[in-house]
Amino acid sequence: MLTRRNVLKAAGVCLPLPWLETLAAAEKQAKAPGRAVFFMVPSGVNMWRWHPKALGPDYKISSTLAALTPFRKELTIFSGLEHAKGAGGGHYEVGVWLTGNEKYKSKDGPVEPNTISIDQHIAGAIGSRTRIPSLVLSAPGGSVTTSFDAKGTPVNAENNLRRLFGELFGSPDVLSRLDRRSSVLDLVGEQAKGLSKQLGKNDRQRFDDYLQSVRDVESRLQADRGYFASKPLPISADNLKLDVDPQSQRQDYFQTMLDLVALALRNDQTRIVSILACGSGHEFFGQWPQFGNDTHHRASHATNYDTEAQRPKDFALLESVDKWFVAHLARFLERLNETKEGESTLLANTMVLFGGGMSWTHNPSNLPMLLAGGSRLGLKHGSHLRFNPHKDHMGKLDRSAKVQETTICDVLRTMSERLDVPADRFGDSRRSVKELLG
Amino acid sequence: MASSRTTSTCLGAMLALLTAGVQSVRAEQPTDFDRVVKPLLAKHCVSCHGAEKPKGDIRLDGPAPDLVNAKVRARWENVYSMLVRGEMPPRDKPKLTTDELATLTTWIREASERGVLADRGGTGRTTMRRLTRVEYARMLEDVLGLHFSNVPIHLWEKLPNDPQTEAPLNDGDLLNFQSLHLKTYVELTEKAVSAVLAPEARPTPFTYRIDPRSLIQRVNVSGFKPGEQGFGGKVAVKQTDVAQPATVSFGVTERNADDTFSLPPIYRSDEGYLGRDKVNAGSCYLELPLFPKSGVLHVRIRAAAVIPKGEGAPVLRVALHNNVVNQIYGKEIASFPVTNSPDKLQDYDVEIPLDLLDFPWVLFERSGRVSLRITNDYMPITDRVKPVTEKGKPQVWPWQEPMLVLDQIEVNGPGTLVWPPRRHQTLLAAGDKLTDEKERASAILTEVASRAWRRPVTAEEVAPFVKLYQSRRKAGDSRDGALLQPLTAVLVSPFAIYIVERKAEKVAPLTDLELANRLSMFLWGRGPDAELLKLAEQKKLHDPKVLASQVDRLLDDERSQVFTADFVGRLLALERVENDPIDFGLTLRSFSHAKVAGLREVRLKHDLAREPVRHFEHVLKNNRPLQELIGGDYLLVNDRLASYYGIADVTGSEFRTVPAPTDRRWGWLTTAGVVVAASRGNKEATIHRGVYLLQRFLGEHPGTPPGNVEPLEVQAKQEKTRGKLTIREQVKLHTSINTCQLCHRKIDPLGFVWADLDYLGQKITPKPIKPNTPAPITDCSGKVPDGRTFANLAEFTALLKDEQANSRYQFGEVLLRQLMGYALARQVRLHDEAGVRELVRSARRDGWKLREVIKSIILSNSFTHG
């Protein structure tokens, strides 16, 4: 009988076929797997227009988030969310967003290594159930990422869409290539083991990277073999814009990237994805020609606590860029929502955390963040929640609403727990966010 | 950056901890702690955090804390954040002065940094590092012979980004290696090897020779006479040995008296038309019948240049081009200047490695032809506006511009000229005389491994690789095809990727081979050549005389441009000039076609980013004092930059020294590219510039904005007049708020030194406040962090050069430390401090000659020992 479990067994650790209706039918009672996506857009927003004014379920959606109106019932907007101890100030938000490590200072090199990020924490527990334990993506690529491994090293982020496509769906000669790979790896792996013994202590620690990467690639090869041998979905690269430049063709770039992520989730190739738009305070996207050729970083620094009337141009730019990313998010949610999984949808099984680690310039409080999807995983949506007494636009503490002290790590932990991965002391977390649970 | 003395001192204490045990640290550290930190704690903190009922269980009255202990460190870091955020001391207690705050926080930060390093087992020695992606790709190109005439391939772009440091060093501690690296390294290497190893079957050879003289008889376009413009149409080139003809078409070209063609600069290829992309205009198109995308396509162009007085050389550009309607797509393959005159026609080779270039070949497959486009890509330095009559009618183009003369073009298909291809033969040359397959494979792999691993390699070492070869043979691979995997493995071996140094527990001299590798990686960014390897084999490299003469030899070799470009580029963040979205205002001013001006901007940015490098090379080549980098009465410019600076009578794109105008006499500090990199496209860049100067010219880390501190503007809100403040007054707000002041009192006063230069490095002419009054003089005065003041750039430069002042902000020493960090591929630490002092002393004695400074770093123990 064709059940999901049998297929899993046959293919070793990987799931060769997507969470298809055939399987879903055979396994109607079973729960579709839970997934989590973490999508960060750093460097601050137009704080006058991001959060809705009213709290609770009857809030009126803000102009920045208007594109998300169709998913109102599938998402929760947070006000007042921040890390404990104001971590992530200045431009450190990226390294802190998913780790909650208040001490991390990414700019000065790894004086203090980071701690593990929640996506890698989850991937460590359940990543082996899919062929790709987790996808780590960012437009600049490399060490510009929100993801950190157990050693606190940034996980190398992929930014090349063609490579990402090959990773997910392979290319015609993929199987013969896999065979070639493994003999090469055997050789250099042996050589590396020999060399490692001859090195001094400090060098050996550094060189462990190489040994570890040989092991990682080898185990992936095993999984890939099973996957590609069983003929993955025949998805053609023809209609995908895979060779677009993240900087100059950012519209196509993000659209394609998010499409690929949606496909990867649909096919259950991975369940954990982190996406970073760009570094914090970096001029990666620099100007936004369609919004008047000003630089985002400059505009966001010019606007601290000013009113919109004082800085109309700067706030307009920020708002346009905020909306641009929100539109991408909305499209992504739409993709997930239109994909059926048994009786529910992919969106109902996927938690999408979206937002940034900076509100006003250098300020990591009252962060613009929201959580969408995952209703089948026990999340209760539809509300605008407020946590932590937070400062108003003049920097005064607003104590009008009685609110719980809650950190981002509490939310991350809650997401992790929804995937049955305990994270009770993750970062600075002290509680599960019950307000989010049905 | 650890180049400031204070940081290094603390790092040194850390080293002492490791080498001499805890006691010595305790003996050294307390002096600092007891002398300056303890009294402050006693004054401000101990009343609450003392022995009796310490508040929050924090006691600050004890002896110097041991910050190697993670728990103690966490507590002190908490103290740090409370101080920085102004939460302590509490409101009702006296505030710390900024100096006191600085002393306390600096001590905690540095003590904690060194605690972290000690905790992690850091030793202050150079960690064995891997190659950067640029170095690795260069190694591949060298070993596999992937140098293609006039065609750069940029293999490194296909590898994952390396972690960036702001300092100009390849910090080995930062260069991590993960599965994504290994995967992409293997993938790229395999691709590169298969690009060189020829397949069994020779591709169908083809040759097209396009000779204008033989073409002319067949041209049936009317009005095409010598000296006239306007030649269009298609010409089939019939070759006896190929079934399908290629076609060639010329756009608007000029026919010369001797029946050669001249391509005008494409940006104005017909009368008054300003646009590069008008199809067919001023271009030569070759359309070849489709062939497989494999091997090297060889194009030989016989060309010359006609250069009118005052103009630059024409630029020959070759692009892969798809010209099907709606799918126009072009990719530049080659672009180089042509200078020889028409009476000395010269052949230019363009080798196009089809396997290694990204081009959507599917476009060619659809159209059934592979198309090349040859153009003259010359771009005048300044705007040339289309002249019109009073009534607005276009006039004859008044400028004489350089013409690209094309004579004969020859295209040879992959595998046509020699078979097997040259690179294939060279790579396998070591096995040429051997008939036994195993011996042959062994010889080849040994030879390739010794070049990739940058050392002699024994046959035993490659035995497992030979075994893989044999098993591939058994599996049915061809004699040469079976080399693909073993060669790939050799090239992604840890010996290829890492600069292997087998170090002893104690610091000891490197082996000669390791030293040869360090030296050539430093100065050439690649492995040692035969001469260095030979000296290493003879164990002569540790001889200072031999080593010094090798340094000279390497520096004289043009491969040292890898070092100069990389070091200067990173020191001055010159990549920003080319990559940051900085508006040069060229794109829309007068060119009607944005792309045309876009190209002009690209070339300008490129030259701006080269100037500081050329200056460094000039000082290095002539062994001048390195202070000339921030002074000297000359500039290094080409025609484009001369025009940018308003210097007349410079023609030609090559850089040369010219007398500097009076307002550009401070070398790098008045180089437009440097000011551009410092300003980051901001019109009000005082703070950016301050950070840049502090970090790169004064060698001090600017610090980082503290988190959750009330933003400046909130506090500034109380000042109702804020909108009316000048930049100087606004910036002053930074320095008047305690927590910001920590760093900004160092940063901000520096930034004013460039107040009279805009973000493009051009002089700002101040406007009179009232009409008919003299314009105000821009205030460029400021302060160096040690308190010395300057009134303008001249004085600032003088401060940086002043060796009498007891200041750590001396350009010579700062640059020496930067060079040293780069040479050692790690931060300069206290462990090196004694050495640095000695190097500075000897540099002073020898007058800071740049070449000698580099030599002295290489001869120092920090470099020769590991």
# chains A, B, ... in the order shown; residues from 1 in each chain; ligands from 1
>>> residues_around(residues="stretch 130-134 of chain A", least_positions_apart="5", cutoff="10 Å", atoms="only C-alpha atoms", output="ChimeraX atom specification")
/A:8,12-16,36-37,119-120,122-125,147,167-168,219-224,226-227,264,267-274
>>> write_last_selection(atoms="N, CA, C and O atoms", output="compact mmCIF listing (two decimals), in the first residue's frame")
# COMPACT_ATOMS: atom_id res chain seq x y z
N LEU A 8 8.65 6.88 2.52
CA LEU A 8 9.77 7.39 3.31
C LEU A 8 10.80 6.30 3.54
O LEU A 8 11.99 6.50 3.36
N GLY A 12 14.93 5.94 2.12
CA GLY A 12 15.89 6.34 3.14
C GLY A 12 15.33 7.51 3.92
O GLY A 12 14.19 7.45 4.37
N VAL A 13 16.10 8.55 4.04
CA VAL A 13 15.65 9.64 4.87
C VAL A 13 14.78 10.64 4.12
O VAL A 13 14.20 11.50 4.70
N CYS A 14 14.76 10.53 2.81
CA CYS A 14 14.12 11.62 2.10
C CYS A 14 12.72 11.28 1.65
O CYS A 14 12.34 10.13 1.55
N LEU A 15 11.99 12.31 1.39
CA LEU A 15 10.66 12.11 0.85
C LEU A 15 10.72 12.46 -0.62
O LEU A 15 10.93 13.61 -0.99
N PRO A 16 10.58 11.50 -1.47
CA PRO A 16 10.86 11.75 -2.89
C PRO A 16 9.76 12.55 -3.55
O PRO A 16 10.01 13.30 -4.47
N ALA A 36 7.90 26.11 8.87
CA ALA A 36 8.09 27.47 9.37
C ALA A 36 8.98 28.26 8.43
O ALA A 36 9.99 27.75 7.95
N VAL A 37 8.56 29.48 8.15
CA VAL A 37 9.35 30.38 7.30
C VAL A 37 9.63 31.65 8.10
O VAL A 37 8.74 32.18 8.75
N ASP A 119 15.68 28.73 13.53
CA ASP A 119 15.45 27.86 12.37
C ASP A 119 16.42 26.68 12.39
O ASP A 119 16.04 25.55 12.09
N GLN A 120 17.67 26.96 12.79
CA GLN A 120 18.64 25.87 12.85
C GLN A 120 18.35 24.96 14.04
O GLN A 120 18.60 23.76 13.99
N ILE A 122 15.36 24.24 15.11
CA ILE A 122 14.28 23.35 14.66
C ILE A 122 14.82 22.34 13.65
O ILE A 122 14.54 21.14 13.72
N ALA A 123 15.64 22.86 12.72
CA ALA A 123 16.18 21.96 11.68
C ALA A 123 17.02 20.87 12.31
O ALA A 123 17.03 19.73 11.84
N GLY A 124 17.72 21.20 13.40
CA GLY A 124 18.53 20.20 14.08
C GLY A 124 17.66 19.04 14.58
O GLY A 124 18.10 17.89 14.61
N ALA A 125 16.43 19.36 14.96
CA ALA A 125 15.56 18.31 15.51
C ALA A 125 14.78 17.58 14.43
O ALA A 125 14.67 16.36 14.46
N SER A 147 20.58 33.16 10.00
CA SER A 147 20.71 31.79 10.50
C SER A 147 22.12 31.51 11.02
O SER A 147 23.10 31.81 10.34
N GLU A 167 19.33 22.77 -6.81
CA GLU A 167 19.25 22.10 -5.52
C GLU A 167 17.89 21.44 -5.32
O GLU A 167 17.78 20.32 -4.84
N LEU A 168 16.85 22.15 -5.69
CA LEU A 168 15.50 21.67 -5.43
C LEU A 168 15.03 20.66 -6.48
O LEU A 168 14.40 19.66 -6.15
N SER A 219 26.25 13.14 3.36
CA SER A 219 24.94 12.64 3.77
C SER A 219 23.85 13.24 2.88
O SER A 219 22.84 12.59 2.60
N ARG A 220 24.06 14.46 2.43
CA ARG A 220 23.11 15.03 1.48
C ARG A 220 23.10 14.24 0.17
O ARG A 220 22.05 14.01 -0.42
N LEU A 221 24.29 13.80 -0.23
CA LEU A 221 24.37 13.02 -1.48
C LEU A 221 23.50 11.78 -1.39
O LEU A 221 22.79 11.43 -2.33
N GLN A 222 23.56 11.12 -0.24
CA GLN A 222 22.74 9.93 -0.04
C GLN A 222 21.27 10.28 -0.27
O GLN A 222 20.56 9.62 -1.02
N ALA A 223 20.85 11.33 0.40
CA ALA A 223 19.45 11.73 0.29
C ALA A 223 19.11 12.12 -1.14
O ALA A 223 18.07 11.74 -1.68
N ASP A 224 20.02 12.86 -1.77
CA ASP A 224 19.77 13.31 -3.13
C ASP A 224 19.61 12.13 -4.08
O ASP A 224 18.79 12.16 -4.99
N GLY A 226 18.40 9.15 -3.59
CA GLY A 226 17.05 8.60 -3.52
C GLY A 226 16.05 9.53 -4.17
O GLY A 226 15.21 9.11 -4.96
N TYR A 227 16.21 10.81 -3.89
CA TYR A 227 15.25 11.79 -4.39
C TYR A 227 15.26 11.87 -5.90
O TYR A 227 14.24 11.74 -6.56
N ALA A 264 9.24 24.45 -2.84
CA ALA A 264 10.02 23.57 -1.97
C ALA A 264 9.17 23.10 -0.80
O ALA A 264 9.24 21.94 -0.39
N ASN A 267 6.47 20.61 -2.06
CA ASN A 267 7.01 19.28 -2.33
C ASN A 267 7.62 18.64 -1.10
O ASN A 267 8.22 17.59 -1.19
N ASP A 268 7.51 19.32 0.00
CA ASP A 268 8.10 18.84 1.25
C ASP A 268 9.58 18.49 1.10
O ASP A 268 10.05 17.48 1.58
N GLN A 269 10.27 19.33 0.39
CA GLN A 269 11.72 19.15 0.28
C GLN A 269 12.41 19.70 1.51
O GLN A 269 13.48 19.29 1.88
N THR A 270 11.81 20.68 2.10
CA THR A 270 12.31 21.22 3.34
C THR A 270 11.13 21.78 4.11
O THR A 270 10.07 22.04 3.54
N ARG A 271 11.30 21.93 5.41
CA ARG A 271 10.21 22.47 6.20
C ARG A 271 10.60 23.76 6.90
O ARG A 271 9.78 24.42 7.50
N ILE A 272 11.86 24.09 6.85
CA ILE A 272 12.34 25.27 7.55
C ILE A 272 13.06 26.18 6.56
O ILE A 272 13.98 25.75 5.87
N VAL A 273 12.63 27.42 6.51
CA VAL A 273 13.24 28.36 5.56
C VAL A 273 13.51 29.67 6.28
O VAL A 273 12.65 30.17 7.01
N SER A 274 14.72 30.21 6.10
CA SER A 274 14.92 31.58 6.55
C SER A 274 15.31 32.43 5.35
O SER A 274 16.11 32.02 4.52
>>> residues_around(residues="B:Asp786", least_positions_apart="6", cutoff="9 Å", atoms="only C-alpha atoms", output="list in words")
Lys746, Ser807, Arg808 and Tyr809 of chain B
>>> write_last_selection(atoms="all heavy atoms", output="compact mmCIF listing (two decimals), in the first residue's frame")
# COMPACT_ATOMS: atom_id res chain seq x y z
N LYS B 746 35.17 61.38 18.91
CA LYS B 746 36.33 61.04 18.09
C LYS B 746 36.01 61.19 16.60
O LYS B 746 36.84 61.57 15.80
CB LYS B 746 36.74 59.58 18.35
CG LYS B 746 37.32 59.33 19.70
CD LYS B 746 37.92 57.93 19.79
CE LYS B 746 36.86 56.86 19.83
NZ LYS B 746 37.37 55.52 20.11
N SER B 807 51.86 60.74 19.57
CA SER B 807 50.49 60.34 19.28
C SER B 807 50.51 59.02 18.54
O SER B 807 51.44 58.71 17.80
CB SER B 807 49.81 61.40 18.40
OG SER B 807 48.64 60.88 17.86
N ARG B 808 49.43 58.25 18.74
CA ARG B 808 49.40 57.00 17.98
C ARG B 808 48.82 57.20 16.60
O ARG B 808 48.75 56.31 15.79
CB ARG B 808 48.59 55.96 18.73
CG ARG B 808 47.18 56.37 18.97
CD ARG B 808 46.45 55.31 19.72
NE ARG B 808 45.48 55.92 20.61
CZ ARG B 808 44.39 55.30 21.05
NH1 ARG B 808 44.19 54.07 20.71
NH2 ARG B 808 43.55 55.90 21.84
N TYR B 809 48.32 58.39 16.34
CA TYR B 809 47.71 58.65 15.04
C TYR B 809 48.74 59.12 14.03
O TYR B 809 48.72 60.27 13.61
CB TYR B 809 46.58 59.66 15.17
CG TYR B 809 45.56 59.26 16.19
CD1 TYR B 809 45.32 60.04 17.31
CD2 TYR B 809 44.84 58.07 16.03
CE1 TYR B 809 44.38 59.66 18.25
CE2 TYR B 809 43.90 57.69 16.98
CZ TYR B 809 43.68 58.47 18.08
OH TYR B 809 42.76 58.10 19.00
>>> interface_residues(of="chain A", to="chain B", cutoff="6 Å", atoms="only C-alpha atoms", output="PyMOL selection string")
chain A and resi 86+89-90+142-143+184+188+199-200+203+209-210+213+216-217+286+363
>>> write_last_selection(atoms="C-alpha atoms", output="mmCIF file, in the first residue's frame")
data_model
loop_
_atom_site.group_PDB
_atom_site.id
_atom_site.type_symbol
_atom_site.label_atom_id
_atom_site.label_comp_id
_atom_site.auth_asym_id
_atom_site.auth_seq_id
_atom_site.Cartn_x
_atom_site.Cartn_y
_atom_site.Cartn_z
ATOM 1 C CA GLY A 86 17.025 45.740 24.101
ATOM 2 C CA GLY A 89 20.195 47.771 18.728
ATOM 3 C CA GLY A 90 22.288 49.754 16.347
ATOM 4 C CA GLY A 142 27.186 34.434 2.062
ATOM 5 C CA SER A 143 27.425 35.335 5.705
ATOM 6 C CA VAL A 184 35.668 12.779 -5.104
ATOM 7 C CA VAL A 188 39.422 14.312 -0.112
ATOM 8 C CA LEU A 199 47.818 20.089 12.743
ATOM 9 C CA GLY A 200 48.242 22.184 15.856
ATOM 10 C CA ASP A 203 44.475 25.088 13.244
ATOM 11 C CA ASP A 209 35.031 23.031 9.164
ATOM 12 C CA TYR A 210 36.338 21.172 6.157
ATOM 13 C CA SER A 213 31.443 19.948 5.346
ATOM 14 C CA ASP A 216 27.431 17.086 5.464
ATOM 15 C CA VAL A 217 27.738 16.945 1.714
ATOM 16 C CA GLY A 286 20.612 51.338 -2.144
ATOM 17 C CA ASN A 363 15.968 51.171 17.934
#
>>> closest_residue(among="A:Ser383, A:Gln191, A:Thr153, A:Ser248", to="A:Arg206", atoms="only C-alpha atoms")
A:Thr153
>>> select_by_dssp(residues="stretch 112-303 of chain A", states="strand (DSSP E or B)", output="ChimeraX atom specification")
/A:135-138,142,148,154,157-158,272-276,287,295
>>> write_last_selection(atoms="C-alpha atoms", output="mmCIF file, in the first residue's frame")
data_model
loop_
_atom_site.group_PDB
_atom_site.id
_atom_site.type_symbol
_atom_site.label_atom_id
_atom_site.label_comp_id
_atom_site.auth_asym_id
_atom_site.auth_seq_id
_atom_site.Cartn_x
_atom_site.Cartn_y
_atom_site.Cartn_z
ATOM 1 C CA LEU A 135 16.885 26.488 3.359
ATOM 2 C CA VAL A 136 18.897 29.574 4.212
ATOM 3 C CA LEU A 137 18.462 32.380 1.723
ATOM 4 C CA SER A 138 19.381 36.026 1.465
ATOM 5 C CA GLY A 142 27.186 34.434 2.062
ATOM 6 C CA PHE A 148 23.457 30.581 12.795
ATOM 7 C CA PRO A 154 26.604 32.182 10.239
ATOM 8 C CA ALA A 157 23.119 31.830 2.679
ATOM 9 C CA GLU A 158 22.263 30.970 -0.908
ATOM 10 C CA ILE A 272 12.338 25.275 7.548
ATOM 11 C CA VAL A 273 13.240 28.360 5.564
ATOM 12 C CA SER A 274 14.921 31.583 6.549
ATOM 13 C CA ILE A 275 14.940 34.490 4.155
ATOM 14 C CA LEU A 276 16.793 37.732 4.697
ATOM 15 C CA GLN A 287 18.368 53.391 -4.256
ATOM 16 C CA THR A 295 18.628 55.590 -0.455
#
>>> atom_distance(atom1="atom CA of B:Pro776", atom2="atom CA of B:Ala755")
12.8 Å
>>> atom_distance(atom1="atom CA of B:Glu578", atom2="atom CA of B:Val674")
11.7 Å
>>> atom_distance(atom1="atom CA of B:Ala843", atom2="atom CA of B:Val828")
17.5 Å
>>> residues_around(residues="stretch 76-80 of chain A", least_positions_apart="2", cutoff="6 Å", atoms="only C-alpha atoms", output="list in words")
Asn366, Met369, Leu370, Leu371, His381, Gly382, Ser383, His384, Leu385, Arg386, Phe387, Asn388 and His390 of chain A
>>> residues_around(residues="A:Val433", least_positions_apart="4", cutoff="9 Å", atoms="only C-alpha atoms", output="list in words")
Thr406, Asp410, Val411, Arg413, Thr414 and Leu437 of chain A
>>> closest_residue(among="B:Asn806, B:Asn623, B:Asn150, B:Thr686", to="B:Ile854", atoms="only C-alpha atoms")
B:Asn623
